[in-house]
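Step one of this worksheet: look at the structure below.
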2 protein chains.
Amino acid sequence: MNLKELSEHLGLSQTTVSRALNGFPEVGEVTRKRVVEAAEQFQYRPNSSARKLATGRAGAIGIVISSERNLLLDPIFTDFLAGVASRSAQVDTDVLVSSSLGDEAGTYRRLARVRSVDAVVLSTPTVDDSRIALLQRLGMPFVVHGRSLTSLPYAHLDIDNEAAFFQATSLLGDLGHRRIGLINESVNFTFAMHRSRGWRHALAERGLPVLPELECSSRMTEENGYRMARGLFDLAEPPTALLCSSIFSALGAMRAARDTGRVVGKDLSLIAHDDGLAAIRPETLTPPLTTTFSSIHAAGIRIAEIGQAIAKGADPGTLTEVWPVDLVFRGSTVPPIS
Amino acid sequence: MNLKELSEHLGLSQTTVSRALNGFPEVGEVTRKRVVEAAEQFQYRPNSSARKLATGRAGAIGIVISSERNLLLDPIFTDFLAGVASRSAQVDTDVLVSSSLGDEAGTYRRLARVRSVDAVVLSTPTVDDSRIALLQRLGMPFVVHGRSLTSLPYAHLDIDNEAAFFQATSLLGDLGHRRIGLINESVNFTFAMHRSRGWRHALAERGLPVLPELECSSRMTEENGYRMARGLFDLAEPPTALLCSSIFSALGAMRAARDTGRVVGKDLSLIAHDDGLAAIRPETLTPPLTTTFSSIHAAGIRIAEIGQAIAKGADPGTLTEVWPVDLVFRGSTVPPIS
DNA sequence: CTGAAAGCGCTTACAG
DNA sequence: CTGAAAGCGCTTACAG
């Protein structure tokens with residue numbers, strides 16, 4: 001059933017039916033009701049391509065999966081994506097996933113030219129992410145999940161990684177730890193840089209030395225977590241507490257602790273960042289892990305909303321949010337053994 | 001730059017330009033070359049909505065994220081999705097992700113009516129998955145990642161879960177194990193049912209009893225893996241070997257082993273299924289895990305190809321594949337201590 | 001409050 | 001081998 005058939009059935013013009021369905025004010029109340037009911041009855045749905053062509057809006061939001069980035073970095077990307085998709089569905093917006101095949105800039109250019117999306121979501125930006133300038137140049141509306149270091153205003157939603165790791169480090173400091181290791185992602189990524197800064201500032205604030213050998217960074221896998229922790233434990237003066245940027249590297253660190261005869265929550269304190277992945281919950285591990293927590297699914301939902309606004313022409317400079325992060329205290333953080 | 005502008009620039013009709021660009025045979029070689037070069041130069045890309053409207057094909061493939069299904073079940077869904085997206089990009093096909101918000105059937109109906117996708121990918125089907133009949137009724141082409149028990153022919157790509165777990169169980173049997181526990185996902189899902197069957201047949205084949213108390217099933221999280229393993233260890237005659245349907249439940253099982261004073265690769269043997277998630281590699285754990293391995297990213301790529309064929313009207317009955325699964329022997333499987 | 005008509009940017013019979 | 005024209009299914013000035 002298309003518009004023409006529906007309007008013929010109703011004995012109205014396509015114009016009126018279209019207007020009634022799209023909620024234009026000039027349609028009479030009785031007419032509108034008749035139209036809406038008929039549309040309901042026949043399960044009429046406007047053809048999206050036709051609508052896009054006529055309006056010039058794509059009715060879609062784009063997300064580029066970069067194999068170097070999200071895929072390896074972010075096994076919880078699904079969770080984020082599901083958030084974006086669920087919110088978008090409510091406003092009848094499609095979510096288009098592209099894979100970059102290495103050439104991410106090219107992918108964005110293509111999206112911009114074909115006009116297949118009204119806005120684009122950028123995930124996990126680096127400190128000097130060139131995509132932001134690129135999209136601004138292309139005139140493609142976008143929203144960033146995370147932040148980048150640029151003076152240009154751009155729409156974004158981020159969590160306060162610096163404050164989170166500042167707090168976490170402070171907690172460990174308050175417990176009496178003086179050597180606190182950081183197992184991070186590469187500080188090219190802004191979130192990792194912010195976490196590093198939080199850690200550093202907290203140490204400095206309480207007069208503890210900021211030792212470069214206590215900071216490691218690498219992709220957040222179990223194996224790398226293990227390797228980095230082992231490296232820290234091999235130090236002449238090994239740390240008594242560890243901060244991990246992901247639940248995966250935390251698992252590796254826990255394994256390293258076991259292999260070196262340490263007991264987490266006794267000999268060793270541990271705090272991990274938790275994105276809320278269902279497959280591994282920090283509260284059910286042994287011991288339950290103290291975490292900095294922020295739901296990435298919730299972020300996905302909010303990103304979709306911001307993307308929607310951006311697509312409609314809202315001023316990017318006004319759409320900026322940084323969410324506080326919860327510090328959840330559990331059994332993995334104790335005073336150091338002296 | 002649109003078709004009209006491009007053809008005016010070339011002094012040709014839109015018809016000819018369109019045909020040249022779409023590779024129609026009747027265009028002269030010299031003309032084609034001129035056209036293609038100009039298109040290149042001006043970076044002309046046809047407006048996808050206009051093309052869709054004119055051809056009736058959407059140039060897109062759909063994937064529905066069901067919150068009850070993929071999201072919780074499949075943290076590795078990203079990997080699969082990236083595979084689908086990368087292959088689709090090569091043939092200029094969009095990948096549209098929808099979230100079902102509980103009403104999955106409704107989502108498919110909507111996709112079918114709006115004609116926003118040419119084909120749909122079904123993931124992780126249950127044994128009697130109603131979506132297959134639904135899509136057939138709707139006339140929406142689809143390809144299933146996995147299988148379902150129906151006599152109707154449908155396009156699908158699956159891995160041979162039954163043979164994989166048959167082999168894994170046989171290996172444990174060959175090593176001398178007589179009590180082999182199975183930590184599975186709910187057998188409503190076909191893949192889990194197949195694994196259960198492989199386990200059962202292998203036991204039966206060597207005259208070992210198939211004890212219901214050795215089979216557990218639940219969502220494949222670390223926590224559930226832990227709980228199920230603990231339950232098995234509490235048995236009067238606990239198993240000496242475990243089969244886990246995912247790397248996450250395997251992690252839980254390993255933790256349960258530790259908590260009950262067992263050493264994997266000594267007191268306890270363990271085999272897990274590995275989908276190739278980058279964040280956790282079984283070969284780097286302690287001990288390295290013996291696995292049944294199949295890359296879900298490769299499956300995503302192949303699913304995109306099949307979806308492409310299906311969208312173009314290929315006969316679903318001819319597009320059916322079941323891939324063999326590798327059994328990778330590592331340090332977690334040893335003879336039982338007697 | 002309603003409608004006839006143009007237009008969005010393509011593709012593709014049909015004619016030559 | 002090439003082109004004029006119709007059509008895909010919507011939206012939206014413009015006119016009444």
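Lettering and numbering for the structure tokens are positional, with chains as A, B, ... in the shown order, residues counted from 1 in each chain, and ligands counted from 1 in the shown order.
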
**Prompt:** What residues in chain D have any atom no more than 8 Å from chain A when counting only C-alpha atoms (C1' of nucleotides), and can you write them as a PyMOL selection string?
**Reply:** chain D and resi 8-11

Output N, CA and C atoms (P, O5', C5', C4', C3', O3' and C1' of nucleotides) for every residue in that selection, as a PDB file, in the first residue's frame.
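Output saved as again-v1.pdb:
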ATOM      1  P    DC D   8       5.273   4.388 -11.281  1.00  0.00           P
ATOM      2  O5'  DC D   8       6.229   3.956 -10.091  1.00  0.00           O
ATOM      3  C5'  DC D   8       7.338   3.081 -10.266  1.00  0.00           C
ATOM      4  C4'  DC D   8       8.378   3.437  -9.234  1.00  0.00           C
ATOM      5  C3'  DC D   8       7.783   4.062  -7.980  1.00  0.00           C
ATOM      6  O3'  DC D   8       7.501   3.029  -7.046  1.00  0.00           O
ATOM      7  C1'  DC D   8       9.756   5.239  -8.723  1.00  0.00           C
ATOM      8  P    DG D   9       6.011   2.917  -6.418  1.00  0.00           P
ATOM      9  O5'  DG D   9       6.059   4.010  -5.257  1.00  0.00           O
ATOM     10  C5'  DG D   9       7.031   3.870  -4.235  1.00  0.00           C
ATOM     11  C4'  DG D   9       7.080   5.149  -3.443  1.00  0.00           C
ATOM     12  C3'  DG D   9       5.729   5.613  -2.894  1.00  0.00           C
ATOM     13  O3'  DG D   9       5.911   5.983  -1.550  1.00  0.00           O
ATOM     14  C1'  DG D   9       6.750   7.361  -4.052  1.00  0.00           C
ATOM     15  P    DC D  10       4.730   6.195  -0.553  1.00  0.00           P
ATOM     16  O5'  DC D  10       5.443   7.231   0.429  1.00  0.00           O
ATOM     17  C5'  DC D  10       5.086   8.580   0.410  1.00  0.00           C
ATOM     18  C4'  DC D  10       6.315   9.427   0.233  1.00  0.00           C
ATOM     19  C3'  DC D  10       6.107  10.873   0.663  1.00  0.00           C
ATOM     20  O3'  DC D  10       6.567  11.013   1.995  1.00  0.00           O
ATOM     21  C1'  DC D  10       7.115  10.752  -1.513  1.00  0.00           C
ATOM     22  P    DT D  11       5.983  12.185   2.881  1.00  0.00           P
ATOM     23  O5'  DT D  11       6.592  13.490   2.174  1.00  0.00           O
ATOM     24  C5'  DT D  11       7.956  13.780   2.349  1.00  0.00           C
ATOM     25  C4'  DT D  11       8.249  15.116   1.688  1.00  0.00           C
ATOM     26  C3'  DT D  11       7.592  16.322   2.369  1.00  0.00           C
ATOM     27  O3'  DT D  11       8.577  17.345   2.362  1.00  0.00           O
ATOM     28  C1'  DT D  11       6.963  16.260   0.095  1.00  0.00           C
TER      29       DT D  11
END

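Residues of range 191-253 of chain B assigned to strand (DSSP E) by DSSP on this structure's backbone: B:Glu215, B:Cys216, B:Ser217, B:Ala241, B:Leu242, B:Leu243, B:Cys244.
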
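For chain B, the residues having at least one atom no farther than 6 Å from chain A, when counting only C-alpha atoms, are Arg45, Asn47, Ser49, Ala50, Leu53, Thr78, Ala85, Ser86, Val95, Leu96, Val97, Ser98, Ser99, Val114, Thr221, Glu222, Ala279 and Ile280 of chain B.
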
Mind checking which residues fall within 12 Å of DG16 in chain D, counting only C-alpha atoms (C1' of nucleotides), ignoring those fewer than 4 positions away in the same chain, and posting them as a short mmCIF file (atom, residue, chain, number, x, y, z; two decimals) with C-alpha atoms (C1' of nucleotides), in the first residue's frame?
data_model
loop_
_atom_site.label_atom_id
_atom_site.label_comp_id
_atom_site.auth_asym_id
_atom_site.auth_seq_id
_atom_site.Cartn_x
_atom_site.Cartn_y
_atom_site.Cartn_z
"C1'" DC C 1 -8.82 23.42 5.44
"C1'" DT C 2 -7.76 20.99 0.74
"C1'" DG C 3 -5.75 19.88 -3.89
"C1'" DA C 4 -3.13 19.97 -8.49
#

**Sel. of alpha helix (DSSP H) residues, range 200-291 of chain A, as a ChimeraX atom specification** = /A:200-205,222-233,247-259

**Prompt:** Taking only C-alpha atoms (C1' of nucleotides) into account, which of A:Ser7, A:Thr16, A:Glu185, A:Thr333 comes nearest DT12 in chain D?
**Reply:** A:Thr16

**Complete:** Computed gap from CA of Gly106 in chain B to CA of Pro316 in chain B is 23.2 Å

**Message:** I'd like the neighbourhood of range 301-310 of chain A as an MDAnalysis selection string, where a residue qualifies if any of its atoms comes within 8 Å (using only C-alpha atoms (C1' of nucleotides)), though same-chain residues fewer than 2 positions away should be ignored.
**Reply:** chainID A and resid 61 80 83:88 119:121 141:143 145 155:157 297:299 312:316 319

**Asked** Which distance in Å separates CA of Arg179 in chain B and CA of Ser196 in chain B, to one decimal?
**Response** 14.8 Å
